[in-house]
$ cat query.cif   # mmCIF, C-alpha atoms
data_target
#
loop_
_atom_site.label_atom_id
_atom_site.label_comp_id
_atom_site.auth_asym_id
_atom_site.auth_seq_id
_atom_site.Cartn_x
_atom_site.Cartn_y
_atom_site.Cartn_z
CA MET A 1 0.00 0.00 0.00
CA PRO A 2 1.19 3.58 -0.60
CA ALA A 3 2.74 5.45 2.29
CA GLN A 4 0.45 7.75 4.25
CA GLU A 5 1.76 11.05 5.55
CA VAL A 6 1.33 11.77 9.21
CA GLN A 7 -0.32 15.09 10.01
CA ILE A 8 -0.37 16.85 13.36
CA SER A 9 -2.99 19.22 14.68
CA ILE A 10 -2.38 22.61 16.23
CA ALA A 11 -3.82 21.19 19.46
CA GLU A 12 -1.19 18.43 19.42
CA VAL A 13 1.59 20.95 18.90
CA ILE A 14 0.43 22.88 21.97
CA GLU A 15 0.05 19.70 24.03
CA VAL A 16 3.50 18.35 23.22
CA ARG A 17 5.26 21.69 23.62
CA GLY A 18 3.40 22.71 26.71
CA TYR A 19 2.92 26.21 25.27
CA GLY A 20 1.46 27.88 22.20
CA LEU A 21 2.84 29.04 18.88
CA ASN A 22 4.83 32.26 18.63
CA ALA A 23 3.79 35.24 16.53
CA PRO A 24 5.61 34.30 13.27
CA GLU A 25 4.28 30.76 13.52
CA LEU A 26 0.71 31.95 14.01
CA LEU A 27 1.02 34.37 11.10
CA SER A 28 2.32 31.49 8.98
CA VAL A 29 -0.79 29.48 9.88
CA ALA A 30 -2.96 32.38 8.74
CA VAL A 31 -1.10 32.73 5.43
CA SER A 32 -1.24 29.02 4.64
CA ALA A 33 -4.89 28.72 5.67
CA SER A 34 -5.98 31.75 3.63
CA ASP A 35 -6.15 29.89 0.32
CA ARG A 36 -7.67 26.67 1.70
CA LEU A 37 -10.15 27.97 4.24
CA PRO A 38 -13.30 25.82 4.00
CA PRO A 39 -16.68 27.60 4.16
CA CYS A 40 -18.52 27.14 7.43
CA PRO A 41 -22.30 27.10 6.95
CA LYS A 42 -24.29 27.44 10.15
CA GLY A 43 -23.60 24.55 12.50
CA THR A 44 -20.19 23.72 10.98
CA VAL A 45 -16.93 25.02 12.45
CA PHE A 46 -13.35 24.03 13.28
CA ASP A 47 -10.98 24.49 16.20
CA THR A 48 -7.33 23.77 17.07
CA GLU A 49 -7.96 20.03 16.93
CA ASN A 50 -9.10 20.28 13.32
CA VAL A 51 -6.34 22.44 11.84
CA PHE A 52 -3.49 20.20 10.68
CA LEU A 53 0.14 20.71 9.67
CA SER A 54 1.77 18.64 6.93
CA SER A 55 5.45 17.91 6.43
CA LYS A 56 5.36 20.25 3.41
CA GLY A 57 4.50 23.21 5.61
CA GLN A 58 0.88 23.37 4.54
CA ILE A 59 -2.31 23.74 6.52
CA GLU A 60 -5.33 21.49 6.10
CA ILE A 61 -8.63 22.13 7.86
CA LYS A 62 -11.45 19.74 8.68
CA THR A 63 -14.85 21.14 9.65
CA VAL A 64 -16.92 19.56 12.41
CA PRO A 65 -20.33 20.14 14.05
CA THR A 66 -20.51 22.90 16.64
CA SER A 67 -21.32 20.29 19.28
CA ARG A 68 -17.70 19.12 19.10
CA VAL A 69 -16.00 22.43 19.87
CA ASP A 70 -15.90 25.04 22.61
CA ARG A 71 -18.33 27.94 22.26
CA SER A 72 -15.43 30.34 21.67
CA PHE A 73 -15.07 28.87 18.16
CA VAL A 74 -18.72 29.46 17.24
CA PRO A 75 -19.35 32.65 15.20
CA PRO A 76 -21.49 35.07 17.25
CA GLU A 77 -23.64 36.15 14.30
CA TRP A 78 -25.37 32.78 14.24
CA ALA A 79 -27.15 33.66 17.47
CA LYS A 80 -28.73 36.61 15.63
CA GLY A 81 -29.88 34.48 12.70
CA GLU A 82 -27.19 35.76 10.34
CA GLU A 83 -25.18 33.42 8.14
CA ASP A 84 -22.14 34.00 5.95
CA PRO A 85 -20.09 30.77 5.51
CA GLN A 86 -16.95 32.60 4.39
CA ALA A 87 -17.05 35.11 7.22
CA ALA A 88 -17.74 32.30 9.68
CA ALA A 89 -14.62 30.48 8.48
CA VAL A 90 -12.53 33.61 8.99
CA TYR A 91 -13.93 33.90 12.52
CA CYS A 92 -13.01 30.28 13.29
CA LEU A 93 -9.47 30.82 12.05
CA GLY A 94 -9.17 33.91 14.23
CA ALA A 95 -10.40 31.91 17.21
CA VAL A 96 -7.85 29.20 16.43
CA LEU A 97 -5.03 31.77 16.36
CA ARG A 98 -6.20 33.19 19.68
CA ALA A 99 -6.40 29.76 21.32
CA ALA A 100 -3.04 28.74 19.86
CA GLY A 101 -1.15 31.55 21.55
CA ALA A 102 -1.96 34.94 20.01
CA GLU A 103 -2.75 36.57 23.34
CA GLU A 104 0.43 35.23 24.94
CA ALA A 105 2.61 36.21 21.98
CA ALA A 106 2.64 39.88 23.05
CA ASP A 107 2.69 41.03 19.43
CA VAL A 108 0.53 44.11 18.87
CA ASP A 109 0.10 43.58 15.12
CA LEU A 110 -0.89 39.94 15.57
CA PHE A 111 -3.29 40.86 18.36
CA SER A 112 -4.94 43.44 16.09
CA LEU A 113 -5.23 40.91 13.27
CA VAL A 114 -6.93 38.36 15.52
CA ASN A 115 -9.32 41.02 16.80
CA ILE A 116 -10.43 41.99 13.30
CA LEU A 117 -10.84 38.33 12.30
CA THR A 118 -13.15 37.72 15.24
CA VAL A 119 -15.08 40.99 15.27
CA ALA A 120 -18.82 40.48 15.76
CA MET A 121 -19.85 42.40 12.64
CA THR A 122 -19.32 40.09 9.67
CA GLY A 123 -19.00 42.98 7.24
CA THR A 124 -15.94 44.21 9.11
CA ARG A 125 -14.05 40.94 8.92
CA PRO A 126 -11.55 40.66 6.05
CA THR A 127 -11.94 38.03 3.37
CA ALA A 128 -9.70 34.98 3.60
CA HIS A 129 -7.54 36.40 0.81
CA ARG A 130 -7.18 39.74 2.57
CA MET A 131 -6.38 37.95 5.82
CA GLY A 132 -3.55 36.13 4.07
CA GLN A 133 -2.16 39.38 2.68
CA MET A 134 -2.26 41.04 6.09
CA ALA A 135 -0.53 38.12 7.77
CA ARG A 136 2.11 37.88 5.04
CA ASN A 137 2.90 41.57 5.40
CA GLN A 138 3.44 41.09 9.12
CA LEU A 139 5.86 38.21 8.46
CA ARG A 140 8.18 40.75 6.81
CA GLY A 141 9.71 38.41 4.25
CA ARG A 142 9.82 35.23 6.32
CA ASP A 143 8.62 32.14 4.47
CA PRO A 144 5.43 30.71 6.06
CA ALA A 145 5.93 27.22 4.65
CA SER A 146 9.41 27.02 6.16
CA MET A 147 8.08 28.18 9.52
CA LEU A 148 5.41 25.48 9.54
CA MET A 149 7.85 22.79 8.38
CA CYS A 150 10.06 23.64 11.36
CA ILE A 151 7.13 23.06 13.72
CA TYR A 152 6.40 19.72 12.06
CA GLU A 153 10.01 18.57 12.26
CA GLU A 154 10.26 19.73 15.87
CA LEU A 155 7.55 17.27 16.84
CA MET A 156 7.78 14.53 14.25
CA GLY A 157 11.32 14.46 12.88
CA ASP A 158 12.07 14.42 9.16
CA GLU A 159 9.52 13.52 6.50
CA GLU A 160 11.06 10.16 5.55
CA THR A 161 10.86 8.91 9.12
CA ASN A 162 7.15 9.66 9.23
CA GLN A 163 6.07 8.11 5.94
CA ILE A 164 4.44 4.88 7.08
CA ASP A 165 2.83 2.01 5.29
CA VAL A 166 -0.69 1.66 6.68
CA GLY A 167 -0.65 -2.02 5.77
CA ASP A 168 2.09 -2.61 8.33
CA LEU A 169 -0.04 -1.42 11.25
CA ASP A 170 -1.84 -4.75 11.64
CA ASP A 171 1.53 -6.47 12.01
CA LEU A 172 2.52 -3.92 14.64
CA ASP A 173 -0.73 -4.57 16.53
CA ASP A 174 -0.28 -8.34 16.41
CA GLU A 175 3.29 -8.14 17.65
CA PHE A 176 2.44 -5.73 20.45
CA LEU A 177 -0.57 -7.66 21.65
CA SER A 178 1.23 -10.97 21.45
CA THR A 179 4.13 -9.58 23.48
CA ASN A 180 1.79 -8.39 26.18
CA GLY A 181 -0.28 -11.56 26.28
CA MET A 182 -3.41 -9.82 25.13
CA GLU A 183 -6.03 -11.08 22.73
CA ARG A 184 -6.73 -8.86 19.73
CA HIS A 185 -10.35 -7.85 19.12
CA ASP A 186 -10.71 -6.41 15.63
CA SER A 187 -14.19 -5.12 16.36
CA GLU A 188 -12.73 -2.77 18.98
CA MET A 189 -10.27 -1.13 16.61
CA THR A 190 -11.36 1.73 14.44
CA GLY A 191 -8.16 1.92 12.44
CA GLN A 192 -7.43 5.48 13.50
CA VAL A 193 -3.77 6.23 14.04
CA VAL A 194 -2.75 8.91 16.51
CA PHE A 195 0.73 10.39 16.76
CA SER A 196 1.41 12.04 20.07
CA GLY A 197 4.81 13.57 19.43
CA ASN A 198 8.33 12.14 19.43
CA ASN A 199 7.16 9.53 16.90
CA ASN A 200 5.00 7.68 19.43
CA VAL A 201 2.21 5.79 17.70
CA LYS A 202 -1.12 4.84 19.16
CA ARG A 203 -3.97 3.08 17.44
CA ARG A 204 -7.55 3.48 18.57
#

$ encode --input "query.cif" --output "structure tokens"
Amino acid sequence: MPAQEVQISIAEVIEVRGYGLNAPELLSVAVSASDRLPPCPKGTVFDTENVFLSSKGQIEIKTVPTSRVDRSFVPPEWAKGEEDPQAAAVYCLGAVLRAAGAEEAADVDLFSLVNILTVAMTGTRPTAHRMGQMARNQLRGRDPASMLMCIYEELMGDEETNQIDVGDLDDLDDEFLSTNGMERHDSEMTGQVVFSGNNNVKRR
């Protein structure tokens, strides 16, 4: 089977580090996300657990129901019956930046950017494209992809190490369970692979 790249979420980065992203890293997230921000129709959002980093320094975002996230990631306009999927996505990204360390970064420009992304009036929020331009300007020539790749390598090592063959996971399970004298129950395994930093692999 073809190798499957391991991705890590912003939430996992924070958990493994024990602290959030710095200002250039957060701005790099905003730049990368600006051209792949998924629309968020009412009831669909994303948070730090659903924004992923790849080994190529790219951001991928998965939307989830509002029931799976904290209320701080839910656009406030929905409570007033308003709906703008693009503006809602910008709000969610702003909330992700705030939760990932924007307030602790002590960067005035970044703080202002997050505030405008999460402003209550949807017409005042920038478009995703404009958000990317604003964040790129604040990076002052630094390459966002390189910044994100550094985060990935910090947690996961180099790309080659983390290219795994999914077909080998069953063999790993059998060997582990046999070593520990446990009986394998296929019905209890969902096939989801979780990487918790330092190349530790869990399957649940």

$ closest_residue --input "query.cif" --among "A:Met131, A:Leu93, A:Met156, A:Leu148" --to "Ile59 of chain A" --atoms "only C-alpha atoms"
A:Leu148

$ closest_residue --input "query.cif" --among "A:Ala79, A:Ala89, A:Val119, A:Leu53" --to "Glu25 of chain A" --atoms "only C-alpha atoms"
A:Leu53

$ closest_residue --input "query.cif" --among "A:Glu104, A:Val51, A:Pro76, A:Asp70" --to "Glu12 of chain A" --atoms "only C-alpha atoms"
A:Val51

$ atom_distance --input "query.cif" --atom1 "atom CA of Val45 of chain A" --atom2 "atom CA of Leu139 of chain A"
26.6 Å

$ closest_residue --input "query.cif" --among "A:Leu26, A:Ile8, A:Met149, A:Ile14" --to "Ala105 of chain A" --atoms "only C-alpha atoms"
A:Leu26

$ closest_residue --input "query.cif" --among "A:Gln58, A:Thr63, A:Ser32, A:Asn115" --to "Gln133 of chain A" --atoms "all atoms listed in the file"
A:Ser32

$ atom_distance --input "query.cif" --atom1 "atom CA of Cys92 of chain A" --atom2 "atom CA of Trp78 of chain A"
12.6 Å

$ closest_residue --input "query.cif" --among "A:Met134, A:Val108, A:Met147, A:Ile10" --to "Ile61 of chain A" --atoms "all atoms listed in the file"
A:Ile10

$ atom_distance --input "query.cif" --atom1 "atom CA of Glu153 of chain A" --atom2 "atom CA of Glu103 of chain A"
24.7 Å

$ residues_around --input "query.cif" --residues "Thr44 of chain A" --least-positions-apart "5" --cutoff "7 Å" --atoms "only C-alpha atoms" --output "MDAnalysis selection string"
chainID A and resid 63:66

$ residues_near_point --input "query.cif" --point "(-7.7, 33.1, 16.4)" --cutoff "10 Å" --atoms "only C-alpha atoms" --output "compact mmCIF listing (two decimals) with C-alpha atoms, in the frame of the given file"
# COMPACT_ATOMS: atom_id res chain seq x y z
CA LEU A 26 0.71 31.95 14.01
CA ALA A 30 -2.96 32.38 8.74
CA ASP A 47 -10.98 24.49 16.20
CA THR A 48 -7.33 23.77 17.07
CA SER A 72 -15.43 30.34 21.67
CA PHE A 73 -15.07 28.87 18.16
CA VAL A 90 -12.53 33.61 8.99
CA TYR A 91 -13.93 33.90 12.52
CA CYS A 92 -13.01 30.28 13.29
CA LEU A 93 -9.47 30.82 12.05
CA GLY A 94 -9.17 33.91 14.23
CA ALA A 95 -10.40 31.91 17.21
CA VAL A 96 -7.85 29.20 16.43
CA LEU A 97 -5.03 31.77 16.36
CA ARG A 98 -6.20 33.19 19.68
CA ALA A 99 -6.40 29.76 21.32
CA ALA A 100 -3.04 28.74 19.86
CA GLY A 101 -1.15 31.55 21.55
CA ALA A 102 -1.96 34.94 20.01
CA GLU A 103 -2.75 36.57 23.34
CA LEU A 110 -0.89 39.94 15.57
CA PHE A 111 -3.29 40.86 18.36
CA LEU A 113 -5.23 40.91 13.27
CA VAL A 114 -6.93 38.36 15.52
CA ASN A 115 -9.32 41.02 16.80
CA ILE A 116 -10.43 41.99 13.30
CA LEU A 117 -10.84 38.33 12.30
CA THR A 118 -13.15 37.72 15.24

$ residues_around --input "query.cif" --residues "Arg136 of chain A" --least-positions-apart "6" --cutoff "9 Å" --atoms "all atoms listed in the file" --output "list in words"
Leu27, Ser28, Ala30, Val31, Arg142, Asp143 and Pro144 of chain A

$ decode --input "query.cif" --residues "segment 12-58 of chain A" --atoms "C-alpha atoms" --output "mmCIF file, in the first residue's frame"
data_model
loop_
_atom_site.group_PDB
_atom_site.id
_atom_site.type_symbol
_atom_site.label_atom_id
_atom_site.label_comp_id
_atom_site.auth_asym_id
_atom_site.auth_seq_id
_atom_site.Cartn_x
_atom_site.Cartn_y
_atom_site.Cartn_z
ATOM 1 C CA GLU A 12 -1.192 18.427 19.424
ATOM 2 C CA VAL A 13 1.590 20.954 18.898
ATOM 3 C CA ILE A 14 0.434 22.876 21.971
ATOM 4 C CA GLU A 15 0.047 19.704 24.029
ATOM 5 C CA VAL A 16 3.498 18.350 23.216
ATOM 6 C CA ARG A 17 5.257 21.687 23.621
ATOM 7 C CA GLY A 18 3.403 22.713 26.714
ATOM 8 C CA TYR A 19 2.925 26.207 25.273
ATOM 9 C CA GLY A 20 1.460 27.878 22.200
ATOM 10 C CA LEU A 21 2.841 29.041 18.883
ATOM 11 C CA ASN A 22 4.828 32.256 18.627
ATOM 12 C CA ALA A 23 3.787 35.242 16.526
ATOM 13 C CA PRO A 24 5.609 34.298 13.267
ATOM 14 C CA GLU A 25 4.281 30.755 13.517
ATOM 15 C CA LEU A 26 0.709 31.949 14.014
ATOM 16 C CA LEU A 27 1.017 34.366 11.103
ATOM 17 C CA SER A 28 2.316 31.486 8.981
ATOM 18 C CA VAL A 29 -0.788 29.484 9.885
ATOM 19 C CA ALA A 30 -2.962 32.379 8.739
ATOM 20 C CA VAL A 31 -1.102 32.728 5.434
ATOM 21 C CA SER A 32 -1.241 29.019 4.639
ATOM 22 C CA ALA A 33 -4.892 28.722 5.667
ATOM 23 C CA SER A 34 -5.978 31.746 3.633
ATOM 24 C CA ASP A 35 -6.148 29.891 0.319
ATOM 25 C CA ARG A 36 -7.671 26.674 1.696
ATOM 26 C CA LEU A 37 -10.153 27.968 4.242
ATOM 27 C CA PRO A 38 -13.300 25.821 4.004
ATOM 28 C CA PRO A 39 -16.685 27.597 4.156
ATOM 29 C CA CYS A 40 -18.523 27.142 7.433
ATOM 30 C CA PRO A 41 -22.295 27.097 6.950
ATOM 31 C CA LYS A 42 -24.295 27.437 10.145
ATOM 32 C CA GLY A 43 -23.596 24.548 12.500
ATOM 33 C CA THR A 44 -20.188 23.721 10.979
ATOM 34 C CA VAL A 45 -16.933 25.023 12.454
ATOM 35 C CA PHE A 46 -13.352 24.034 13.278
ATOM 36 C CA ASP A 47 -10.978 24.493 16.205
ATOM 37 C CA THR A 48 -7.332 23.773 17.068
ATOM 38 C CA GLU A 49 -7.958 20.028 16.929
ATOM 39 C CA ASN A 50 -9.101 20.281 13.316
ATOM 40 C CA VAL A 51 -6.336 22.440 11.842
ATOM 41 C CA PHE A 52 -3.495 20.199 10.683
ATOM 42 C CA LEU A 53 0.136 20.711 9.666
ATOM 43 C CA SER A 54 1.765 18.637 6.930
ATOM 44 C CA SER A 55 5.453 17.910 6.430
ATOM 45 C CA LYS A 56 5.362 20.248 3.413
ATOM 46 C CA GLY A 57 4.501 23.210 5.614
ATOM 47 C CA GLN A 58 0.881 23.373 4.540
#
